[in-house]
There are 2 protein chains.
Amino acid sequence: MSELQRALGLERSVIQAPMAGVQDHSLAVAVSNAGGLGSLPCAMLDFAASRREFAALRASTDRPFNLNFFCHAPPVVDAQRESTWRAALAPYYHELGLDIDAIAAGPGRLPFDAAAVELLEEFRPAVVSFHFGLPEEKLLARVRATGARILASATTVDEARWLDQRGVDAVIAQGLEAGGHRGHFLSDDLSRQAGTFALLPQIVRAVRAPVIAAGGIADAAGVAAALSLGAALVQIGTAYLLCAEATTRAVHREALASEASRHTALTRLFTGRPARGIVNRLIRDLNAADPAPAFPLATSAIAPLRKAAEALGSGDFSPLWSGQNASGCRAVGAAELTRGLVDV
Amino acid sequence: MSELQRALGLERSVIQAPMAGVQDHSLAVAVSNAGGLGSLPCAMLDFAASRREFAALRASTDRPFNLNFFCHAPPVVDAQRESTWRAALAPYYHELGLDIDAIAAGPGRLPFDAAAVELLEEFRPAVVSFHFGLPEEKLLARVRATGARILASATTVDEARWLDQRGVDAVIAQGLEAGGHRGHFLSDDLSRQAGTFALLPQIVRAVRAPVIAAGGIADAAGVAAALSLGAALVQIGTAYLLCAEATTRAVHREALASEASRHTALTRLFTGRPARGIVNRLIRDLNAADPAPAFPLATSAIAPLRKAAEALGSGDFSPLWSGQNASGCRAVGAAELTRGLVDV
């Protein structure tokens, strides 16, 4: 058992990755109660929803859990990019009988802020994790003062060092295999990002903090391999997507369970930031042109297409988030999946 | 010890990856004599040079070794692409005082052919490995008849199944972290290719043949991790590049030993096929435009630039082949490196 695992009070060396859009507290509760670290993604929750979810977590488990936040800078709207984006999507709106002028502006994804800190001060979770860097130092100090252990994602050795210098309790080494949003924050150059086999040992060597391995880990053999490469814990997302407690949509579940899951790509099309999902029609059509506006502005124009297509049983416009290794997905309870990942 | 390791007669579970351009028989001999499987890359050797190298191998070790061949289709010269390519390189020719009209046509890389089979029939190596697919069935049958075990690279599950159906003795799962040429042959779409952590277990599950892990493996912990993910053996290239027996040029050694090695990219610029190397000036300048002609035609126009720049101590135009994990490179003898990778 690593020192980090002991410090976090975990029976099993696995963190369930926070996955905005496909889970609420139920998945996190099941994982935490099974001895792993359940995570709740907060980026798509407003203040009231966060409160409800945190309260539900507290009420459903006395084990440690993790609240996860995004730290992106709010975007500047660029009329030219927005217009290019709408022009690229117009044929699909036409095909599905939707009105492109009726797109509702939505927040998409919220960055961590002072209101979130107040909730942390109230609910005092054991662990708080950040994606896309860290919040400003004043907010971070308040998070630290709650007693929460702080984790954050690095996609390069440079990012890991940057986080280490700022005193995080552990660095999540996010290998290029990982599903969902890439966590980079020092450079947008995706060619700087490496696979887990290459990234993990280099980060382990570069930082003082313990390192959590993420990306491509799907089963007990993967967990063992990551630990033997120097990880203190592993973080697993994709494997949980078929669990009963996940809110993964039907089209997404079908794609994950099919051979389609063997072909994923990084795309900015669903949110404006690169994220890995199963290749579908939108990615095939528009990924090369890459017309999406800045994160998270792409979200609002995708939402109506997604909703209409899903109503027809189609995942053509849905973000089918997945890592490069969906072979660990099982349609079982998350407790059973967690126990299968790490035997104790 | 896996069945494959026993069948190949190896004391250690490691194959030294064949690396055209940075080694001759000396590296292979040192690795084989240390109990691993040494490999000789043959794609850049003509018939006479192959004969000399095979004879030197035979004379220097009585252990098993591997002869490696490329299986690409010979390219069709496209005058338009050649002209675009020369236009892209012209400023560098000018800068280095070279005459772009004096480029010598060269073979670049030779595909496996009947003459190579004759040499195999004469020298009867224990192992023959192929990159870019397999030779035509008639030639493959003759290779098989020599008694050689046949290995071939797969970059996707589909390629692994294709090789398995054709009866290879083992499939090399080439994770996206690997240095040098990508081995794909069924699809040019690089987004279909995954990191070792994702690719290896999926291939292990998909084929009957034993699987060799390649890509991002740099040290003993990496070897152990790959074996725990189901690999029967591992193949390691980058870690050998600083060895005394490698012919790695000075500029290449310097790049591998520096922090520059943390940023690699896939590029077609040096040969015409995607290969991973450390990012240098040529890659920074031209990788996005990707003006290189088909493999291996790009080679001949790069050669004079490379030679002139290296004479000035610059690696600006050299293929600085490296995987995403150069942390295992050590300037020691290849026998010592091999023993450090797998303790027996």
# chains A, B, ... in the order shown; residues from 1 in each chain; ligands from 1
$ select_by_dssp --residues "stretch 118-323 of chain B" --states "helix (DSSP H, G or I)" --output "MDAnalysis selection string"
chainID B and resid 118:123 137:145 157:165 190:192 196:206 220:228 238:240 250:257 259:262 281:286 298:311
$ residues_around --residues "stretch 8-16 of chain A" --least-positions-apart "4" --cutoff "10 Å" --atoms "only C-alpha atoms" --output "number ranges by chain"
A: 1-4, 27-28, 31-40, 63-66, 126-127, 148-149, 212-214, 223-224, 227, 231-240, 334, 338-339, 341-344
$ residues_around --residues "stretch 252-267 of chain B" --least-positions-apart "2" --cutoff "6 Å" --atoms "only C-alpha atoms" --output "mmCIF file with N, CA and C atoms, in the first residue's frame"
data_model
loop_
_atom_site.group_PDB
_atom_site.id
_atom_site.type_symbol
_atom_site.label_atom_id
_atom_site.label_comp_id
_atom_site.auth_asym_id
_atom_site.auth_seq_id
_atom_site.Cartn_x
_atom_site.Cartn_y
_atom_site.Cartn_z
ATOM 1 N N SER A 191 1.345 17.312 -29.418
ATOM 2 C CA SER A 191 2.476 16.417 -29.688
ATOM 3 C C SER A 191 3.415 16.338 -28.485
ATOM 4 N N ARG A 192 3.262 17.248 -27.536
ATOM 5 C CA ARG A 192 4.080 17.172 -26.318
ATOM 6 C C ARG A 192 3.568 16.113 -25.343
ATOM 7 N N ARG B 249 24.741 8.904 -34.323
ATOM 8 C CA ARG B 249 25.622 10.065 -34.520
ATOM 9 C C ARG B 249 25.669 10.951 -33.279
ATOM 10 N N ALA B 250 26.667 11.799 -33.244
ATOM 11 C CA ALA B 250 26.869 12.683 -32.086
ATOM 12 C C ALA B 250 25.661 13.594 -31.840
ATOM 13 N N LEU B 269 8.751 13.544 -42.751
ATOM 14 C CA LEU B 269 9.718 14.378 -43.461
ATOM 15 C C LEU B 269 11.028 13.676 -43.804
ATOM 16 N N PRO B 274 5.368 7.894 -41.685
ATOM 17 C CA PRO B 274 5.389 8.451 -40.331
ATOM 18 C C PRO B 274 6.356 7.692 -39.433
ATOM 19 N N ALA B 275 7.198 8.442 -38.751
ATOM 20 C CA ALA B 275 8.164 7.861 -37.821
ATOM 21 C C ALA B 275 8.345 8.849 -36.689
ATOM 22 N N ARG B 276 8.660 8.327 -35.504
ATOM 23 C CA ARG B 276 8.779 9.205 -34.345
ATOM 24 C C ARG B 276 10.229 9.584 -34.087
ATOM 25 N N GLY B 277 10.464 10.889 -33.985
ATOM 26 C CA GLY B 277 11.788 11.384 -33.650
ATOM 27 C C GLY B 277 11.683 12.639 -32.806
ATOM 28 N N ILE B 278 12.810 13.031 -32.224
ATOM 29 C CA ILE B 278 12.860 14.241 -31.404
ATOM 30 C C ILE B 278 12.622 15.457 -32.305
ATOM 31 N N VAL B 279 11.789 16.370 -31.832
ATOM 32 C CA VAL B 279 11.435 17.542 -32.625
ATOM 33 C C VAL B 279 12.679 18.414 -32.846
ATOM 34 N N LEU B 320 16.230 12.317 -35.689
ATOM 35 C CA LEU B 320 16.672 12.031 -34.317
ATOM 36 C C LEU B 320 15.701 11.024 -33.703
#
$ select_by_dssp --residues "stretch 56-184 of chain B" --states "strand (DSSP E or B)" --output "list in words"
Phe65, Asn66, Leu67, Asn68, Phe69, Phe70, Pro111, Val127, Val128, Ser129, Phe130, His131, Arg149, Ile150, Leu151, Ala152, Ser153, Ala154, Ala170, Val171, Ile172, Ala173, Gln174, Gly180 and His181 of chain B
$ write_last_selection --atoms "N, CA and C atoms" --output "JSON list (two decimals), in the first residue's frame"
[["chain", "number", "residue", "atom", "x", "y", "z"],
["B", 65, "PHE", "N", 19.62, -14.76, -33.23],
["B", 65, "PHE", "CA", 19.47, -13.33, -33.57],
["B", 65, "PHE", "C", 18.34, -13.17, -34.56],
["B", 66, "ASN", "N", 17.97, -11.91, -34.78],
["B", 66, "ASN", "CA", 16.80, -11.57, -35.59],
["B", 66, "ASN", "C", 17.22, -10.69, -36.76],
["B", 67, "LEU", "N", 16.80, -11.08, -37.97],
["B", 67, "LEU", "CA", 17.03, -10.22, -39.14],
["B", 67, "LEU", "C", 15.70, -9.56, -39.50],
["B", 68, "ASN", "N", 15.74, -8.24, -39.65],
["B", 68, "ASN", "CA", 14.50, -7.47, -39.84],
["B", 68, "ASN", "C", 14.42, -6.85, -41.23],
["B", 69, "PHE", "N", 13.24, -6.96, -41.82],
["B", 69, "PHE", "CA", 13.04, -6.44, -43.18],
["B", 69, "PHE", "C", 11.78, -5.58, -43.27],
["B", 70, "PHE", "N", 11.80, -4.64, -44.21],
["B", 70, "PHE", "CA", 10.62, -3.82, -44.51],
["B", 70, "PHE", "C", 9.84, -4.48, -45.66],
["B", 111, "PRO", "N", 12.64, -2.97, -50.07],
["B", 111, "PRO", "CA", 11.70, -3.96, -49.55],
["B", 111, "PRO", "C", 12.27, -5.38, -49.66],
["B", 127, "VAL", "N", 15.41, -16.05, -36.05],
["B", 127, "VAL", "CA", 14.22, -15.21, -36.10],
["B", 127, "VAL", "C", 14.31, -14.23, -37.28],
["B", 128, "VAL", "N", 13.16, -14.03, -37.95],
["B", 128, "VAL", "CA", 13.05, -13.01, -38.99],
["B", 128, "VAL", "C", 11.85, -12.15, -38.63],
["B", 129, "SER", "N", 12.03, -10.82, -38.64],
["B", 129, "SER", "CA", 10.89, -9.96, -38.34],
["B", 129, "SER", "C", 10.60, -9.01, -39.49],
["B", 130, "PHE", "N", 9.31, -8.67, -39.63],
["B", 130, "PHE", "CA", 8.88, -7.80, -40.73],
["B", 130, "PHE", "C", 8.16, -6.56, -40.18],
["B", 131, "HIS", "N", 8.34, -5.46, -40.91],
["B", 131, "HIS", "CA", 7.68, -4.19, -40.60],
["B", 131, "HIS", "C", 6.91, -3.78, -41.84],
["B", 149, "ARG", "N", 11.63, -18.43, -36.92],
["B", 149, "ARG", "CA", 10.39, -17.94, -36.32],
["B", 149, "ARG", "C", 10.11, -16.58, -36.93],
["B", 150, "ILE", "N", 8.84, -16.31, -37.22],
["B", 150, "ILE", "CA", 8.49, -15.09, -37.93],
["B", 150, "ILE", "C", 7.70, -14.15, -37.01],
["B", 151, "LEU", "N", 8.22, -12.93, -36.86],
["B", 151, "LEU", "CA", 7.55, -11.89, -36.07],
["B", 151, "LEU", "C", 7.15, -10.76, -37.01],
["B", 152, "ALA", "N", 6.07, -10.05, -36.67],
["B", 152, "ALA", "CA", 5.69, -8.88, -37.47],
["B", 152, "ALA", "C", 4.95, -7.88, -36.60],
["B", 153, "SER", "N", 5.05, -6.61, -36.97],
["B", 153, "SER", "CA", 4.49, -5.51, -36.17],
["B", 153, "SER", "C", 3.03, -5.23, -36.50],
["B", 154, "ALA", "N", 2.27, -4.93, -35.46],
["B", 154, "ALA", "CA", 0.88, -4.48, -35.61],
["B", 154, "ALA", "C", 0.70, -3.19, -34.81],
["B", 170, "ALA", "N", 4.72, -14.66, -33.68],
["B", 170, "ALA", "CA", 4.38, -13.70, -32.63],
["B", 170, "ALA", "C", 4.05, -12.36, -33.29],
["B", 171, "VAL", "N", 3.19, -11.62, -32.62],
["B", 171, "VAL", "CA", 2.80, -10.28, -33.07],
["B", 171, "VAL", "C", 3.49, -9.25, -32.19],
["B", 172, "ILE", "N", 4.15, -8.28, -32.82],
["B", 172, "ILE", "CA", 4.73, -7.18, -32.05],
["B", 172, "ILE", "C", 3.68, -6.07, -31.96],
["B", 173, "ALA", "N", 3.17, -5.82, -30.74],
["B", 173, "ALA", "CA", 2.19, -4.74, -30.54],
["B", 173, "ALA", "C", 2.97, -3.44, -30.40],
["B", 174, "GLN", "N", 2.95, -2.63, -31.46],
["B", 174, "GLN", "CA", 3.76, -1.40, -31.47],
["B", 174, "GLN", "C", 2.93, -0.22, -30.97],
["B", 180, "GLY", "N", 11.00, 5.69, -34.16],
["B", 180, "GLY", "CA", 11.20, 5.21, -35.53],
["B", 180, "GLY", "C", 9.89, 5.01, -36.27],
["B", 181, "HIS", "N", 9.95, 4.20, -37.32],
["B", 181, "HIS", "CA", 8.81, 4.07, -38.22],
["B", 181, "HIS", "C", 7.62, 3.34, -37.60]]
$ interface_residues --of "chain B" --to "chain A" --cutoff "10 Å" --atoms "only C-alpha atoms" --output "ChimeraX atom specification"
/B:156-158,175-178,190-202,205,215-230,262-266,279,323-328
$ write_last_selection --atoms "C-alpha atoms" --output "mmCIF file, in the first residue's frame"
data_model
loop_
_atom_site.group_PDB
_atom_site.id
_atom_site.type_symbol
_atom_site.label_atom_id
_atom_site.label_comp_id
_atom_site.auth_asym_id
_atom_site.auth_seq_id
_atom_site.Cartn_x
_atom_site.Cartn_y
_atom_site.Cartn_z
ATOM 1 C CA THR B 156 -3.956 -1.890 -34.326
ATOM 2 C CA VAL B 157 -6.060 -4.861 -33.281
ATOM 3 C CA ASP B 158 -7.092 -5.318 -36.926
ATOM 4 C CA GLY B 175 2.347 1.197 -29.100
ATOM 5 C CA LEU B 176 2.186 4.815 -30.226
ATOM 6 C CA GLU B 177 5.059 5.699 -27.876
ATOM 7 C CA ALA B 178 7.556 3.772 -30.015
ATOM 8 C CA LEU B 190 -2.771 7.424 -37.311
ATOM 9 C CA SER B 191 -5.754 8.110 -35.034
ATOM 10 C CA ARG B 192 -6.452 4.360 -35.148
ATOM 11 C CA GLN B 193 -3.194 3.745 -33.306
ATOM 12 C CA ALA B 194 -3.100 3.572 -29.508
ATOM 13 C CA GLY B 195 -0.603 3.756 -26.674
ATOM 14 C CA THR B 196 0.995 0.580 -25.326
ATOM 15 C CA PHE B 197 -1.185 0.500 -22.218
ATOM 16 C CA ALA B 198 -4.286 0.361 -24.402
ATOM 17 C CA LEU B 199 -3.004 -1.578 -27.418
ATOM 18 C CA LEU B 200 -1.132 -4.418 -25.750
ATOM 19 C CA PRO B 201 -3.940 -5.995 -23.683
ATOM 20 C CA GLN B 202 -6.426 -5.610 -26.536
ATOM 21 C CA ARG B 205 -7.030 -10.757 -26.120
ATOM 22 C CA GLY B 215 6.690 1.379 -27.269
ATOM 23 C CA GLY B 216 7.635 3.394 -24.196
ATOM 24 C CA ILE B 217 9.440 0.549 -22.412
ATOM 25 C CA ALA B 218 12.745 1.866 -21.081
ATOM 26 C CA ASP B 219 13.862 -0.039 -18.009
ATOM 27 C CA ALA B 220 13.347 -3.074 -15.788
ATOM 28 C CA ALA B 221 10.122 -1.658 -14.320
ATOM 29 C CA GLY B 222 8.792 -1.142 -17.850
ATOM 30 C CA VAL B 223 9.658 -4.695 -18.817
ATOM 31 C CA ALA B 224 7.890 -6.028 -15.718
ATOM 32 C CA ALA B 225 4.824 -3.873 -16.404
ATOM 33 C CA ALA B 226 4.580 -5.059 -20.024
ATOM 34 C CA LEU B 227 4.878 -8.695 -18.988
ATOM 35 C CA SER B 228 2.152 -8.184 -16.377
ATOM 36 C CA LEU B 229 -0.082 -6.800 -19.138
ATOM 37 C CA GLY B 230 0.234 -10.107 -20.982
ATOM 38 C CA ARG B 262 10.935 14.827 -23.992
ATOM 39 C CA HIS B 263 9.339 16.286 -27.129
ATOM 40 C CA THR B 264 9.010 13.857 -30.004
ATOM 41 C CA ALA B 265 6.652 13.900 -32.970
ATOM 42 C CA LEU B 266 5.512 11.644 -35.747
ATOM 43 C CA VAL B 279 11.435 17.542 -32.625
ATOM 44 C CA GLY B 323 10.367 6.903 -28.621
ATOM 45 C CA GLN B 324 8.441 8.986 -26.096
ATOM 46 C CA ASN B 325 10.486 7.570 -23.240
ATOM 47 C CA ALA B 326 14.224 8.159 -23.634
ATOM 48 C CA SER B 327 14.742 7.950 -19.880
ATOM 49 C CA GLY B 328 16.292 4.494 -20.177
#
$ residues_around --residues "B:Leu45" --least-positions-apart "2" --cutoff "10 Å" --atoms "only C-alpha atoms" --output "list in words"
Ala20, Gly21, Asp24, Pro41, Cys42, Ala43, Phe47, Ala48, Ala49, Ser50, Arg51, Arg52, Glu53, Phe69, Pro107, Gly108, Arg109 and Leu110 of chain B
$ residues_around --residues "B:Asp101" --least-positions-apart "6" --cutoff "12 Å" --atoms "only C-alpha atoms" --output "ChimeraX atom specification"
/B:83,86-87,89-90,93-94,300-301,304
$ write_last_selection --atoms "C-alpha atoms" --output "compact mmCIF listing (two decimals), in the first residue's frame"
# COMPACT_ATOMS: atom_id res chain seq x y z
CA SER B 83 8.68 19.40 -57.07
CA ARG B 86 12.23 20.33 -53.43
CA ALA B 87 10.61 23.76 -53.22
CA LEU B 89 13.72 22.25 -49.00
CA ALA B 90 15.26 24.83 -51.36
CA TYR B 93 19.90 24.01 -49.57
CA HIS B 94 20.60 27.68 -50.20
CA SER B 300 17.50 11.30 -51.00
CA ALA B 301 16.82 15.05 -50.73
CA PRO B 304 22.80 16.24 -48.30
$ decode --residues "stretch 48-87 of chain B" --atoms "N, CA and C atoms" --output "compact mmCIF listing (two decimals), in the first residue's frame"
# COMPACT_ATOMS: atom_id res chain seq x y z
N ALA B 48 25.18 -7.17 -51.06
CA ALA B 48 26.56 -7.40 -50.61
C ALA B 48 26.73 -7.02 -49.14
N ALA B 49 26.15 -5.90 -48.75
CA ALA B 49 26.26 -5.46 -47.36
C ALA B 49 25.53 -6.43 -46.43
N SER B 50 24.37 -6.92 -46.87
CA SER B 50 23.63 -7.89 -46.06
C SER B 50 24.49 -9.12 -45.81
N ARG B 51 25.09 -9.62 -46.88
CA ARG B 51 25.96 -10.81 -46.78
C ARG B 51 27.07 -10.60 -45.76
N ARG B 52 27.73 -9.45 -45.86
CA ARG B 52 28.81 -9.13 -44.92
C ARG B 52 28.29 -9.09 -43.48
N GLU B 53 27.17 -8.41 -43.28
CA GLU B 53 26.62 -8.26 -41.93
C GLU B 53 26.15 -9.60 -41.36
N PHE B 54 25.50 -10.41 -42.20
CA PHE B 54 25.01 -11.72 -41.73
C PHE B 54 26.21 -12.59 -41.34
N ALA B 55 27.25 -12.53 -42.16
CA ALA B 55 28.44 -13.34 -41.88
C ALA B 55 29.09 -12.89 -40.58
N ALA B 56 29.12 -11.57 -40.36
CA ALA B 56 29.72 -11.05 -39.13
C ALA B 56 28.91 -11.50 -37.91
N LEU B 57 27.57 -11.49 -38.04
CA LEU B 57 26.71 -11.97 -36.96
C LEU B 57 27.01 -13.43 -36.64
N ARG B 58 26.99 -14.25 -37.68
CA ARG B 58 27.24 -15.69 -37.51
C ARG B 58 28.58 -15.94 -36.84
N ALA B 59 29.56 -15.13 -37.23
CA ALA B 59 30.92 -15.35 -36.71
C ALA B 59 31.06 -14.89 -35.25
N SER B 60 30.15 -13.99 -34.83
CA SER B 60 30.36 -13.34 -33.52
C SER B 60 29.46 -13.87 -32.42
N THR B 61 28.46 -14.67 -32.77
CA THR B 61 27.59 -15.22 -31.73
C THR B 61 27.05 -16.57 -32.16
N ASP B 62 26.90 -17.46 -31.20
CA ASP B 62 26.19 -18.71 -31.51
C ASP B 62 24.80 -18.69 -30.87
N ARG B 63 24.39 -17.49 -30.40
CA ARG B 63 23.05 -17.34 -29.85
C ARG B 63 22.08 -16.95 -30.97
N PRO B 64 20.77 -17.05 -30.69
CA PRO B 64 19.78 -16.64 -31.70
C PRO B 64 19.87 -15.14 -31.98
N PHE B 65 19.62 -14.76 -33.23
CA PHE B 65 19.47 -13.33 -33.57
C PHE B 65 18.34 -13.17 -34.56
N ASN B 66 17.97 -11.91 -34.78
CA ASN B 66 16.80 -11.57 -35.59
C ASN B 66 17.22 -10.69 -36.76
N LEU B 67 16.80 -11.08 -37.97
CA LEU B 67 17.03 -10.22 -39.14
C LEU B 67 15.70 -9.56 -39.50
N ASN B 68 15.74 -8.24 -39.65
CA ASN B 68 14.50 -7.47 -39.84
C ASN B 68 14.42 -6.85 -41.23
N PHE B 69 13.24 -6.96 -41.82
CA PHE B 69 13.04 -6.44 -43.18
C PHE B 69 11.78 -5.58 -43.27
N PHE B 70 11.80 -4.64 -44.21
CA PHE B 70 10.62 -3.82 -44.51
C PHE B 70 9.84 -4.48 -45.66
N CYS B 71 8.53 -4.32 -45.64
CA CYS B 71 7.68 -4.95 -46.66
C CYS B 71 6.85 -3.91 -47.40
N HIS B 72 7.38 -2.74 -47.64
CA HIS B 72 6.61 -1.71 -48.33
C HIS B 72 6.55 -1.98 -49.83
N ALA B 73 5.50 -1.49 -50.45
CA ALA B 73 5.42 -1.53 -51.92
C ALA B 73 6.34 -0.44 -52.45
N PRO B 74 7.13 -0.74 -53.50
CA PRO B 74 8.00 0.29 -54.06
C PRO B 74 7.15 1.48 -54.52
N PRO B 75 7.63 2.70 -54.29
CA PRO B 75 6.82 3.88 -54.56
C PRO B 75 6.73 4.21 -56.05
N VAL B 76 5.70 4.93 -56.39
CA VAL B 76 5.59 5.49 -57.74
C VAL B 76 6.04 6.95 -57.63
N VAL B 77 6.98 7.36 -58.46
CA VAL B 77 7.45 8.74 -58.41
C VAL B 77 6.36 9.66 -58.95
N ASP B 78 6.10 10.73 -58.21
CA ASP B 78 5.08 11.71 -58.60
C ASP B 78 5.81 13.04 -58.79
N ALA B 79 5.91 13.48 -60.04
CA ALA B 79 6.72 14.67 -60.36
C ALA B 79 6.24 15.89 -59.59
N GLN B 80 4.93 16.02 -59.43
CA GLN B 80 4.36 17.18 -58.73
C GLN B 80 4.78 17.18 -57.26
N ARG B 81 4.67 16.03 -56.62
CA ARG B 81 5.05 15.96 -55.21
C ARG B 81 6.55 16.18 -55.05
N GLU B 82 7.33 15.64 -55.95
CA GLU B 82 8.78 15.81 -55.88
C GLU B 82 9.13 17.29 -56.00
N SER B 83 8.40 17.99 -56.85
CA SER B 83 8.68 19.40 -57.07
C SER B 83 8.27 20.23 -55.83
N THR B 84 7.12 19.90 -55.24
CA THR B 84 6.70 20.56 -53.99
C THR B 84 7.73 20.33 -52.89
N TRP B 85 8.22 19.13 -52.84
CA TRP B 85 9.20 18.74 -51.82
C TRP B 85 10.49 19.53 -51.98
N ARG B 86 10.98 19.60 -53.21
CA ARG B 86 12.23 20.33 -53.43
C ARG B 86 12.05 21.83 -53.16
N ALA B 87 10.87 22.34 -53.49
CA ALA B 87 10.61 23.76 -53.22
C ALA B 87 10.64 24.02 -51.70
